[in-house]
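Listing of work19.cif; format and content: mmCIF, C-alpha atoms and all ligand atoms.
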```
data_final
loop_
_atom_site.group_PDB
_atom_site.id
_atom_site.type_symbol
_atom_site.label_atom_id
_atom_site.label_comp_id
_atom_site.auth_asym_id
_atom_site.auth_seq_id
_atom_site.Cartn_x
_atom_site.Cartn_y
_atom_site.Cartn_z
ATOM 1 C CA MET A 1174 113.374 96.936 115.658
ATOM 2 C CA THR A 1175 110.097 98.816 116.053
ATOM 3 C CA VAL A 1176 109.388 101.179 113.183
ATOM 4 C CA SER A 1177 107.843 104.600 113.872
ATOM 5 C CA PRO A 1178 104.699 104.508 111.722
ATOM 6 C CA LEU A 1179 102.456 107.135 110.151
ATOM 7 C CA VAL A 1180 98.793 106.150 110.346
ATOM 8 C CA VAL A 1181 96.316 108.239 108.338
ATOM 9 C CA LEU A 1182 92.594 107.799 108.889
ATOM 10 C CA ASP A 1183 89.496 109.029 107.141
ATOM 11 C CA CYS A 1184 87.191 110.929 109.523
ATOM 12 C CA ASP A 1185 83.489 110.241 108.875
ATOM 13 C CA SER A 1186 82.454 106.628 109.582
ATOM 14 C CA THR A 1187 86.102 105.790 110.398
ATOM 15 C CA THR A 1188 87.571 107.955 113.191
ATOM 16 C CA ILE A 1189 84.033 108.825 114.238
ATOM 17 C CA GLN A 1190 80.814 106.858 113.802
ATOM 18 C CA ASP A 1191 78.933 109.768 112.228
ATOM 19 C CA GLU A 1192 78.848 111.652 108.927
ATOM 20 C CA VAL A 1193 79.424 115.271 109.955
ATOM 21 C CA ILE A 1194 77.516 116.766 107.017
ATOM 22 C CA GLU A 1195 74.444 114.810 108.119
ATOM 23 C CA LEU A 1196 74.739 116.056 111.709
ATOM 24 C CA ILE A 1197 75.100 119.658 110.538
ATOM 25 C CA ALA A 1198 72.210 119.239 108.093
ATOM 26 C CA GLU A 1199 70.010 117.864 110.868
ATOM 27 C CA ALA A 1200 70.714 120.953 112.967
ATOM 28 C CA ALA A 1201 70.215 123.173 109.910
ATOM 29 C CA GLY A 1202 66.909 121.512 108.980
ATOM 30 C CA SER A 1203 68.180 120.329 105.573
ATOM 31 C CA ARG A 1204 68.604 116.649 106.350
ATOM 32 C CA GLU A 1205 66.273 115.459 103.579
ATOM 33 C CA ALA A 1206 67.816 117.674 100.931
ATOM 34 C CA VAL A 1207 71.267 116.385 101.880
ATOM 35 C CA ALA A 1208 70.129 112.747 101.843
ATOM 36 C CA GLU A 1209 68.715 113.260 98.336
ATOM 37 C CA VAL A 1210 72.036 114.614 97.042
ATOM 38 C CA THR A 1211 73.910 111.756 98.741
ATOM 39 C CA GLU A 1212 71.672 109.254 96.954
ATOM 40 C CA ARG A 1213 72.244 110.882 93.566
ATOM 41 C CA ALA A 1214 75.995 110.809 94.224
ATOM 42 C CA MET A 1215 75.795 107.124 95.102
ATOM 43 C CA ARG A 1216 73.989 106.469 91.814
ATOM 44 C CA GLY A 1217 76.950 108.113 90.071
ATOM 45 C CA GLU A 1218 74.973 111.162 88.895
ATOM 46 C CA LEU A 1219 77.312 113.602 90.687
ATOM 47 C CA ASP A 1220 81.027 113.554 91.337
ATOM 48 C CA PHE A 1221 82.383 114.277 94.820
ATOM 49 C CA ALA A 1222 83.002 118.003 94.262
ATOM 50 C CA GLU A 1223 79.490 118.538 92.846
ATOM 51 C CA SER A 1224 77.825 116.565 95.604
ATOM 52 C CA LEU A 1225 79.814 118.457 98.262
ATOM 53 C CA ARG A 1226 78.824 121.779 96.662
ATOM 54 C CA GLU A 1227 75.138 120.825 96.557
ATOM 55 C CA ARG A 1228 75.057 119.502 100.111
ATOM 56 C CA VAL A 1229 76.898 122.519 101.517
ATOM 57 C CA ALA A 1230 74.512 124.849 99.646
ATOM 58 C CA THR A 1231 71.640 123.476 101.770
ATOM 59 C CA LEU A 1232 73.400 124.854 104.890
ATOM 60 C CA ALA A 1233 73.206 128.525 103.825
ATOM 61 C CA GLY A 1234 71.855 130.764 106.575
ATOM 62 C CA THR A 1235 72.694 128.402 109.453
ATOM 63 C CA PRO A 1236 74.312 130.164 112.454
ATOM 64 C CA GLU A 1237 77.900 129.102 113.160
ATOM 65 C CA SER A 1238 76.868 127.911 116.640
ATOM 66 C CA VAL A 1239 75.892 124.755 114.723
ATOM 67 C CA PHE A 1240 79.542 123.634 114.870
ATOM 68 C CA ALA A 1241 79.726 123.328 118.658
ATOM 69 C CA GLU A 1242 76.296 121.706 118.684
ATOM 70 C CA THR A 1243 77.451 119.199 116.054
ATOM 71 C CA TYR A 1244 80.748 118.427 117.769
ATOM 72 C CA ALA A 1245 78.900 117.636 121.001
ATOM 73 C CA ARG A 1246 76.985 114.911 119.147
ATOM 74 C CA VAL A 1247 79.988 113.260 117.470
ATOM 75 C CA ARG A 1248 80.580 109.667 118.648
ATOM 76 C CA LEU A 1249 84.159 108.333 118.593
ATOM 77 C CA THR A 1250 84.707 104.940 116.998
ATOM 78 C CA PRO A 1251 85.696 102.169 119.439
ATOM 79 C CA GLY A 1252 89.455 101.607 119.500
ATOM 80 C CA ILE A 1253 90.471 105.028 118.133
ATOM 81 C CA THR A 1254 92.162 106.184 121.357
ATOM 82 C CA GLU A 1255 93.942 102.812 121.751
ATOM 83 C CA LEU A 1256 95.211 102.959 118.167
ATOM 84 C CA ILE A 1257 96.489 106.532 118.556
ATOM 85 C CA ALA A 1258 98.177 105.717 121.885
ATOM 86 C CA GLU A 1259 99.940 102.697 120.363
ATOM 87 C CA VAL A 1260 101.202 104.662 117.338
ATOM 88 C CA HIS A 1261 102.540 107.373 119.657
ATOM 89 C CA ARG A 1262 104.131 104.751 121.924
ATOM 90 C CA ARG A 1263 106.078 103.596 118.857
ATOM 91 C CA GLY A 1264 107.237 107.158 118.171
ATOM 92 C CA GLY A 1265 104.888 107.491 115.199
ATOM 93 C CA LYS A 1266 102.359 110.057 113.978
ATOM 94 C CA VAL A 1267 98.617 110.009 113.375
ATOM 95 C CA GLY A 1268 96.747 112.103 110.820
ATOM 96 C CA VAL A 1269 93.069 112.446 109.908
ATOM 97 C CA VAL A 1270 92.024 113.678 106.471
ATOM 98 C CA SER A 1271 88.385 114.375 105.805
ATOM 99 C CA GLY A 1272 85.990 115.237 103.021
ATOM 100 C CA GLY A 1273 84.039 116.790 105.928
ATOM 101 C CA PHE A 1274 84.805 120.029 107.723
ATOM 102 C CA HIS A 1275 87.598 121.729 109.702
ATOM 103 C CA GLU A 1276 85.135 123.396 112.031
ATOM 104 C CA VAL A 1277 84.305 120.011 113.561
ATOM 105 C CA LEU A 1278 87.673 118.303 112.936
ATOM 106 C CA ASP A 1279 89.673 121.003 114.790
ATOM 107 C CA PRO A 1280 88.235 120.309 118.270
ATOM 108 C CA LEU A 1281 88.309 116.559 117.549
ATOM 109 C CA ALA A 1282 92.013 116.753 116.633
ATOM 110 C CA LYS A 1283 92.758 118.562 119.888
ATOM 111 C CA ASP A 1284 90.808 116.051 121.986
ATOM 112 C CA LEU A 1285 92.398 113.031 120.282
ATOM 113 C CA GLY A 1286 95.945 114.463 120.218
ATOM 114 C CA LEU A 1287 96.285 114.157 116.431
ATOM 115 C CA ASP A 1288 99.565 115.187 114.815
ATOM 116 C CA PHE A 1289 98.041 116.197 111.469
ATOM 117 C CA TRP A 1290 94.574 116.926 110.154
ATOM 118 C CA ARG A 1291 93.010 118.405 107.041
ATOM 119 C CA ALA A 1292 89.423 118.928 105.854
ATOM 120 C CA ASN A 1293 87.185 121.221 103.857
ATOM 121 C CA ARG A 1294 86.325 124.600 105.337
ATOM 122 C CA LEU A 1295 82.838 126.105 105.413
ATOM 123 C CA GLU A 1296 82.581 129.814 104.672
ATOM 124 C CA VAL A 1297 81.106 131.911 107.477
ATOM 125 C CA VAL A 1298 80.163 135.577 107.015
ATOM 126 C CA ASP A 1299 78.686 137.618 109.867
ATOM 127 C CA GLY A 1300 78.273 134.483 111.996
ATOM 128 C CA VAL A 1301 76.241 132.614 109.384
ATOM 129 C CA LEU A 1302 77.171 129.826 106.933
ATOM 130 C CA THR A 1303 77.079 131.062 103.346
ATOM 131 C CA GLY A 1304 76.457 127.623 101.838
ATOM 132 C CA ARG A 1305 79.906 127.623 100.209
ATOM 133 C CA THR A 1306 83.308 126.176 101.096
ATOM 134 C CA VAL A 1307 86.569 128.126 101.069
ATOM 135 C CA GLY A 1308 89.930 126.800 99.909
ATOM 136 C CA PRO A 1309 90.773 123.560 98.159
ATOM 137 C CA ILE A 1310 88.276 120.671 98.113
ATOM 138 C CA ILE A 1311 89.496 117.539 99.875
ATOM 139 C CA HIS A 1312 88.736 114.630 97.567
ATOM 140 C CA ALA A 1313 90.425 111.299 96.862
ATOM 141 C CA ALA A 1314 93.593 112.772 95.321
ATOM 142 C CA ALA A 1315 93.947 115.363 98.091
ATOM 143 C CA LYS A 1316 93.750 112.612 100.706
ATOM 144 C CA ALA A 1317 96.606 110.726 99.029
ATOM 145 C CA GLU A 1318 98.610 113.984 98.820
ATOM 146 C CA ALA A 1319 98.056 114.634 102.527
ATOM 147 C CA LEU A 1320 99.443 111.208 103.411
ATOM 148 C CA GLN A 1321 102.540 111.837 101.285
ATOM 149 C CA GLU A 1322 103.076 115.337 102.707
ATOM 150 C CA TRP A 1323 102.740 114.157 106.302
ATOM 151 C CA ALA A 1324 105.141 111.259 105.680
ATOM 152 C CA ASN A 1325 107.708 113.710 104.259
ATOM 153 C CA ALA A 1326 107.208 116.184 107.110
ATOM 154 C CA SER A 1327 107.726 113.396 109.665
ATOM 155 C CA GLU A 1328 110.626 111.799 107.744
ATOM 156 C CA ILE A 1329 108.665 108.543 107.727
ATOM 157 C CA ALA A 1330 109.101 106.312 104.670
ATOM 158 C CA LEU A 1331 105.950 105.291 102.763
ATOM 159 C CA SER A 1332 106.912 101.713 103.670
ATOM 160 C CA ALA A 1333 106.000 102.634 107.277
ATOM 161 C CA THR A 1334 102.555 104.087 106.495
ATOM 162 C CA VAL A 1335 99.036 102.773 107.011
ATOM 163 C CA ALA A 1336 95.842 104.322 105.576
ATOM 164 C CA ILE A 1337 92.432 103.448 107.016
ATOM 165 C CA GLY A 1338 89.065 104.332 105.510
ATOM 166 C CA ASP A 1339 85.586 103.187 104.550
ATOM 167 C CA GLY A 1340 84.759 104.951 101.281
ATOM 168 C CA ALA A 1341 85.753 105.093 97.614
ATOM 169 C CA ASN A 1342 87.383 108.462 98.373
ATOM 170 C CA ASP A 1343 89.898 106.644 100.566
ATOM 171 C CA LEU A 1344 91.157 104.248 97.890
ATOM 172 C CA ASP A 1345 93.882 106.586 96.550
ATOM 173 C CA MET A 1346 95.525 107.099 99.950
ATOM 174 C CA MET A 1347 95.138 103.388 100.687
ATOM 175 C CA GLY A 1348 97.007 102.729 97.438
ATOM 176 C CA VAL A 1349 99.878 105.052 98.439
ATOM 177 C CA ALA A 1350 100.271 103.600 101.950
ATOM 178 C CA ALA A 1351 102.227 100.409 102.595
ATOM 179 C CA ILE A 1352 99.091 98.872 104.098
ATOM 180 C CA GLY A 1353 95.611 100.004 103.037
ATOM 181 C CA VAL A 1354 92.971 99.037 105.586
ATOM 182 C CA SER A 1355 89.219 98.940 105.000
ATOM 183 C CA PHE A 1356 87.251 99.816 108.141
ATOM 184 C CA ASN A 1357 83.568 98.837 107.874
ATOM 185 C CA GLY A 1358 84.258 99.512 104.197
ATOM 186 C CA LYS A 1359 81.933 99.699 101.231
ATOM 187 C CA PRO A 1360 82.259 96.541 99.036
ATOM 188 C CA VAL A 1361 84.614 98.256 96.562
ATOM 189 C CA VAL A 1362 86.877 99.278 99.454
ATOM 190 C CA VAL A 1363 86.940 95.810 101.022
ATOM 191 C CA GLU A 1364 87.792 94.359 97.628
ATOM 192 C CA ARG A 1365 90.762 96.651 97.004
ATOM 193 C CA ALA A 1366 92.138 96.902 100.545
ATOM 194 C CA ASP A 1367 95.165 94.955 101.783
ATOM 195 C CA GLU A 1368 93.307 94.256 105.021
ATOM 196 C CA ALA A 1369 89.697 94.613 106.124
ATOM 197 C CA ILE A 1370 88.563 95.091 109.722
ATOM 198 C CA THR A 1371 85.235 95.975 111.318
ATOM 199 C CA ASP A 1372 83.814 97.618 114.446
ATOM 200 C CA ASP A 1373 87.005 98.275 116.450
ATOM 201 C CA LEU A 1374 89.975 100.320 115.197
ATOM 202 C CA ALA A 1375 92.319 98.631 117.706
ATOM 203 C CA ARG A 1376 92.150 95.659 115.306
ATOM 204 C CA ALA A 1377 94.560 97.637 113.090
ATOM 205 C CA ILE A 1378 97.306 97.623 115.756
ATOM 206 C CA PRO A 1379 98.793 94.208 114.756
ATOM 207 C CA PHE A 1380 99.413 95.562 111.213
ATOM 208 C CA LEU A 1381 101.981 98.001 112.664
ATOM 209 C CA ASP A 1382 104.333 95.071 113.327
ATOM 210 C CA ARG A 1383 104.506 94.374 109.595
ATOM 211 C CA LEU A 1384 105.814 97.790 108.585
ATOM 212 C CA GLY A 1385 109.416 98.113 107.422
HETATM 213 MG MG MG B 1401 84.273 107.956 105.557
#
```
Could you render the structure as structure tokens?
Amino acid sequence: MTVSPLVVLDCDSTTIQDEVIELIAEAAGSREAVAEVTERAMRGELDFAESLRERVATLAGTPESVFAETYARVRLTPGITELIAEVHRRGGKVGVVSGGFHEVLDPLAKDLGLDFWRANRLEVVDGVLTGRTVGPIIHAAAKAEALQEWANASEIALSATVAIGDGANDLDMMGVAAIGVSFNGKPVVVERADEAITDDLARAIPFLDRLG
């Protein structure tokens, strides 16, 4: 019998080929400042919440038209539409959870036909980014919680879930899912994943047959 699966993907460098904060920073003229913070975070000098706060702070004063401009530049990852279509064919659900931003994920979710999505939200006042986020920060634990919530809401057992991501932030949700898949993953992700694929998300489709 075919099981109806829940597949949850990370957004940046997984569902899409880009890092949304970098695209926004390019448009905002703060690309170098953002890259510097990213490097410090990679050296372990900042945790995720601090690095998000510092990177978002560089966006203060940018007009909100930056979101449409950014979304127009987003490149889908090969295989994403095939993977979503196959999950839906099996009666399943697809969610995307992102340490990036709702303002870009919302139109993406609509275009891809996602069932669930969650991300950070950038504060806008009088049409301009304030350089702050509003609401809860989406980090590793929040990604794992999203997967659990969406499984409950869909009445899908965790044994029928797959989590796909590329970064250390994705390891918690990959641990909760029945099958954790590294997609073009960092070495630590490849090492801890149940499966590792590259380049084409349709390569995750055969894993759906293993779910119980
Ligand atoms: Mg990512």
So that I can see what lies close to Val1267 (chain A), please list as a list in words the residues with an atom at most 9 Å from it, counting all atoms listed in the file and leaving out residues fewer than 5 positions away in the same chain. Pro1178, Leu1179, Val1180, Val1181, Leu1182, Ile1257, Val1260, His1261, Gly1286, Leu1287, Asp1288, Phe1289 and Trp1290 of chain A
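Across the model, the gap from CA of Gly1252 (chain A) to CA of His1275 (chain A) is 22.5 Å.
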Evaluate the PyMOL selection byres (((chain A and resi 1189) around 6) and not hetatm) against this structure - the residues, as a ChimeraX atom specification, please. /A:1185-1188,1190-1191,1248-1250
Could the residues of chain A that have an atom at most 12 Å from ligand MG 1401 (chain B) be listed as CSV, each with its closest atom pair and the distance in Å to one decimal, counting only C-alpha atoms and all ligand atoms and ordered by chain and ascending residue number?
```
residue,atom,partner,partner_atom,distance
A:Leu1182,CA,B:MG1401,MG,9.0
A:Asp1183,CA,B:MG1401,MG,5.6
A:Cys1184,CA,B:MG1401,MG,5.8
A:Asp1185,CA,B:MG1401,MG,4.1
A:Ser1186,CA,B:MG1401,MG,4.6
A:Thr1187,CA,B:MG1401,MG,5.6
A:Thr1188,CA,B:MG1401,MG,8.3
A:Ile1189,CA,B:MG1401,MG,8.7
A:Gln1190,CA,B:MG1401,MG,9.0
A:Asp1191,CA,B:MG1401,MG,8.7
A:Glu1192,CA,B:MG1401,MG,7.4
A:Val1193,CA,B:MG1401,MG,9.8
A:Ile1194,CA,B:MG1401,MG,11.2
A:Thr1250,CA,B:MG1401,MG,11.8
A:Val1269,CA,B:MG1401,MG,10.8
A:Val1270,CA,B:MG1401,MG,9.7
A:Ser1271,CA,B:MG1401,MG,7.6
A:Gly1272,CA,B:MG1401,MG,7.9
A:Gly1273,CA,B:MG1401,MG,8.8
A:His1312,CA,B:MG1401,MG,11.3
A:Ala1313,CA,B:MG1401,MG,11.2
A:Lys1316,CA,B:MG1401,MG,11.6
A:Ile1337,CA,B:MG1401,MG,9.4
A:Gly1338,CA,B:MG1401,MG,6.0
A:Asp1339,CA,B:MG1401,MG,5.0
A:Gly1340,CA,B:MG1401,MG,5.2
A:Ala1341,CA,B:MG1401,MG,8.6
A:Asn1342,CA,B:MG1401,MG,7.8
A:Asp1343,CA,B:MG1401,MG,7.6
A:Leu1344,CA,B:MG1401,MG,11.0
A:Ser1355,CA,B:MG1401,MG,10.3
A:Phe1356,CA,B:MG1401,MG,9.0
A:Asn1357,CA,B:MG1401,MG,9.4
A:Gly1358,CA,B:MG1401,MG,8.6
A:Lys1359,CA,B:MG1401,MG,9.6
A:Val1362,CA,B:MG1401,MG,10.9
```
Write the residues you've just listed into a file as a CSV table (one decimal), in the coordinates of the input, and include C-alpha atoms for each of them.
```csv
chain,number,residue,atom,x,y,z
A,1182,LEU,CA,92.6,107.8,108.9
A,1183,ASP,CA,89.5,109.0,107.1
A,1184,CYS,CA,87.2,110.9,109.5
A,1185,ASP,CA,83.5,110.2,108.9
A,1186,SER,CA,82.5,106.6,109.6
A,1187,THR,CA,86.1,105.8,110.4
A,1188,THR,CA,87.6,108.0,113.2
A,1189,ILE,CA,84.0,108.8,114.2
A,1190,GLN,CA,80.8,106.9,113.8
A,1191,ASP,CA,78.9,109.8,112.2
A,1192,GLU,CA,78.8,111.7,108.9
A,1193,VAL,CA,79.4,115.3,110.0
A,1194,ILE,CA,77.5,116.8,107.0
A,1250,THR,CA,84.7,104.9,117.0
A,1269,VAL,CA,93.1,112.4,109.9
A,1270,VAL,CA,92.0,113.7,106.5
A,1271,SER,CA,88.4,114.4,105.8
A,1272,GLY,CA,86.0,115.2,103.0
A,1273,GLY,CA,84.0,116.8,105.9
A,1312,HIS,CA,88.7,114.6,97.6
A,1313,ALA,CA,90.4,111.3,96.9
A,1316,LYS,CA,93.8,112.6,100.7
A,1337,ILE,CA,92.4,103.4,107.0
A,1338,GLY,CA,89.1,104.3,105.5
A,1339,ASP,CA,85.6,103.2,104.6
A,1340,GLY,CA,84.8,105.0,101.3
A,1341,ALA,CA,85.8,105.1,97.6
A,1342,ASN,CA,87.4,108.5,98.4
A,1343,ASP,CA,89.9,106.6,100.6
A,1344,LEU,CA,91.2,104.2,97.9
A,1355,SER,CA,89.2,98.9,105.0
A,1356,PHE,CA,87.3,99.8,108.1
A,1357,ASN,CA,83.6,98.8,107.9
A,1358,GLY,CA,84.3,99.5,104.2
A,1359,LYS,CA,81.9,99.7,101.2
A,1362,VAL,CA,86.9,99.3,99.5
```
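Proximity of A:Ala1214, A:Val1297, A:Leu1219, A:Ala1377 to Leu1232 (chain A), computed with only C-alpha atoms, is greatest for A:Val1297.
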Glu1255 (chain A) environment, 10 Å, all atoms listed in the file, sequence neighbours closer than 5 positions dropped, as a ChimeraX atom specification: /A:1260-1261,1373-1376,1378
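In this comparison, which uses all atoms listed in the file, the residue of A:Glu1227, A:Glu1212, A:Glu1195, A:Glu1368 approaching Ala1336 (chain A) most closely is A:Glu1368.
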Taking the file as I've supplied it (selection: the PyMOL selection byres (((chain A and resi 1208) around 12) and not hetatm)), which residues are included? Please answer as number ranges by chain. A: 1192, 1194-1196, 1198-1199, 1202-1207, 1209-1215, 1224-1225, 1227-1229, 1231
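The two atoms in question, CA of Asp1367 (chain A) and CA of Asp1345 (chain A), are spaced 12.8 Å apart.
We find CA of Phe1380 (chain A) and CA of Lys1266 (chain A) to be spaced 15.0 Å apart.
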Using the chain letters and numbers from the file, give me the residues hit by the PyMOL selection byres (((chain A and resi 1298) around 12) and not hetatm), as number ranges by chain. A: 1233-1237, 1295-1297, 1299-1307
Using only C-alpha atoms, please write the residues we just selected to a file, as a PDB file, in the coordinates of the input.
```pdb
ATOM      1  CA  ALA A1233      73.206 128.525 103.825  1.00  0.00           C
ATOM      2  CA  GLY A1234      71.855 130.764 106.575  1.00  0.00           C
ATOM      3  CA  THR A1235      72.694 128.402 109.453  1.00  0.00           C
ATOM      4  CA  PRO A1236      74.312 130.164 112.454  1.00  0.00           C
ATOM      5  CA  GLU A1237      77.900 129.102 113.160  1.00  0.00           C
ATOM      6  CA  LEU A1295      82.838 126.105 105.413  1.00  0.00           C
ATOM      7  CA  GLU A1296      82.581 129.814 104.672  1.00  0.00           C
ATOM      8  CA  VAL A1297      81.106 131.911 107.477  1.00  0.00           C
ATOM      9  CA  ASP A1299      78.686 137.618 109.867  1.00  0.00           C
ATOM     10  CA  GLY A1300      78.273 134.483 111.996  1.00  0.00           C
ATOM     11  CA  VAL A1301      76.241 132.614 109.384  1.00  0.00           C
ATOM     12  CA  LEU A1302      77.171 129.826 106.933  1.00  0.00           C
ATOM     13  CA  THR A1303      77.079 131.062 103.346  1.00  0.00           C
ATOM     14  CA  GLY A1304      76.457 127.623 101.838  1.00  0.00           C
ATOM     15  CA  ARG A1305      79.906 127.623 100.209  1.00  0.00           C
ATOM     16  CA  THR A1306      83.308 126.176 101.096  1.00  0.00           C
ATOM     17  CA  VAL A1307      86.569 128.126 101.069  1.00  0.00           C
TER      18      VAL A1307
END
```
At a cut-off of 8 Å, using only C-alpha atoms, what residues contact Ala1350 (chain A)? Leave out same-chain residues fewer than 4 positions from it and give the result as a ChimeraX atom specification. /A:1320,1331-1336,1346
Dump as a PDB file, keeping the file's coordinate frame, selection limited to C-alpha atoms:
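Output (again31.pdb):
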```pdb
ATOM      1  CA  LEU A1320      99.443 111.208 103.411  1.00  0.00           C
ATOM      2  CA  LEU A1331     105.950 105.291 102.763  1.00  0.00           C
ATOM      3  CA  SER A1332     106.912 101.713 103.670  1.00  0.00           C
ATOM      4  CA  ALA A1333     106.000 102.634 107.277  1.00  0.00           C
ATOM      5  CA  THR A1334     102.555 104.087 106.495  1.00  0.00           C
ATOM      6  CA  VAL A1335      99.036 102.773 107.011  1.00  0.00           C
ATOM      7  CA  ALA A1336      95.842 104.322 105.576  1.00  0.00           C
ATOM      8  CA  MET A1346      95.525 107.099  99.950  1.00  0.00           C
TER       9      MET A1346
END
```
Please determine an axis-aligned box that encloses all atoms of region 1287-1293 of chain A listed in the file, with 8 Å added on each side, and express its centre and edge lengths in Å to one decimal as lines of an AutoDock Vina configuration file.
```
center_x = 93.4
center_y = 117.7
center_z = 110.1
size_x = 28.4
size_y = 23.1
size_z = 28.6
```
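Near (106.8, 104.3, 118.3), the residues that fall inside 7 Å on the basis of all atoms listed in the file are Thr1175, Val1176, Ser1177, Pro1178, Val1260, His1261, Arg1262, Arg1263, Gly1264 and Gly1265 of chain A.
The smallest atom-to-atom distance between Arg1246 (chain A) and any of A:Ile1197, A:Glu1218, A:Ala1315, A:Ala1351, using all atoms listed in the file, is found for A:Ile1197.
Of the listed residues (A:Leu1384, A:Met1347, A:Ile1311, A:Leu1256), A:Met1347 comes nearest to Val1363 (chain A); the distances count all atoms listed in the file.
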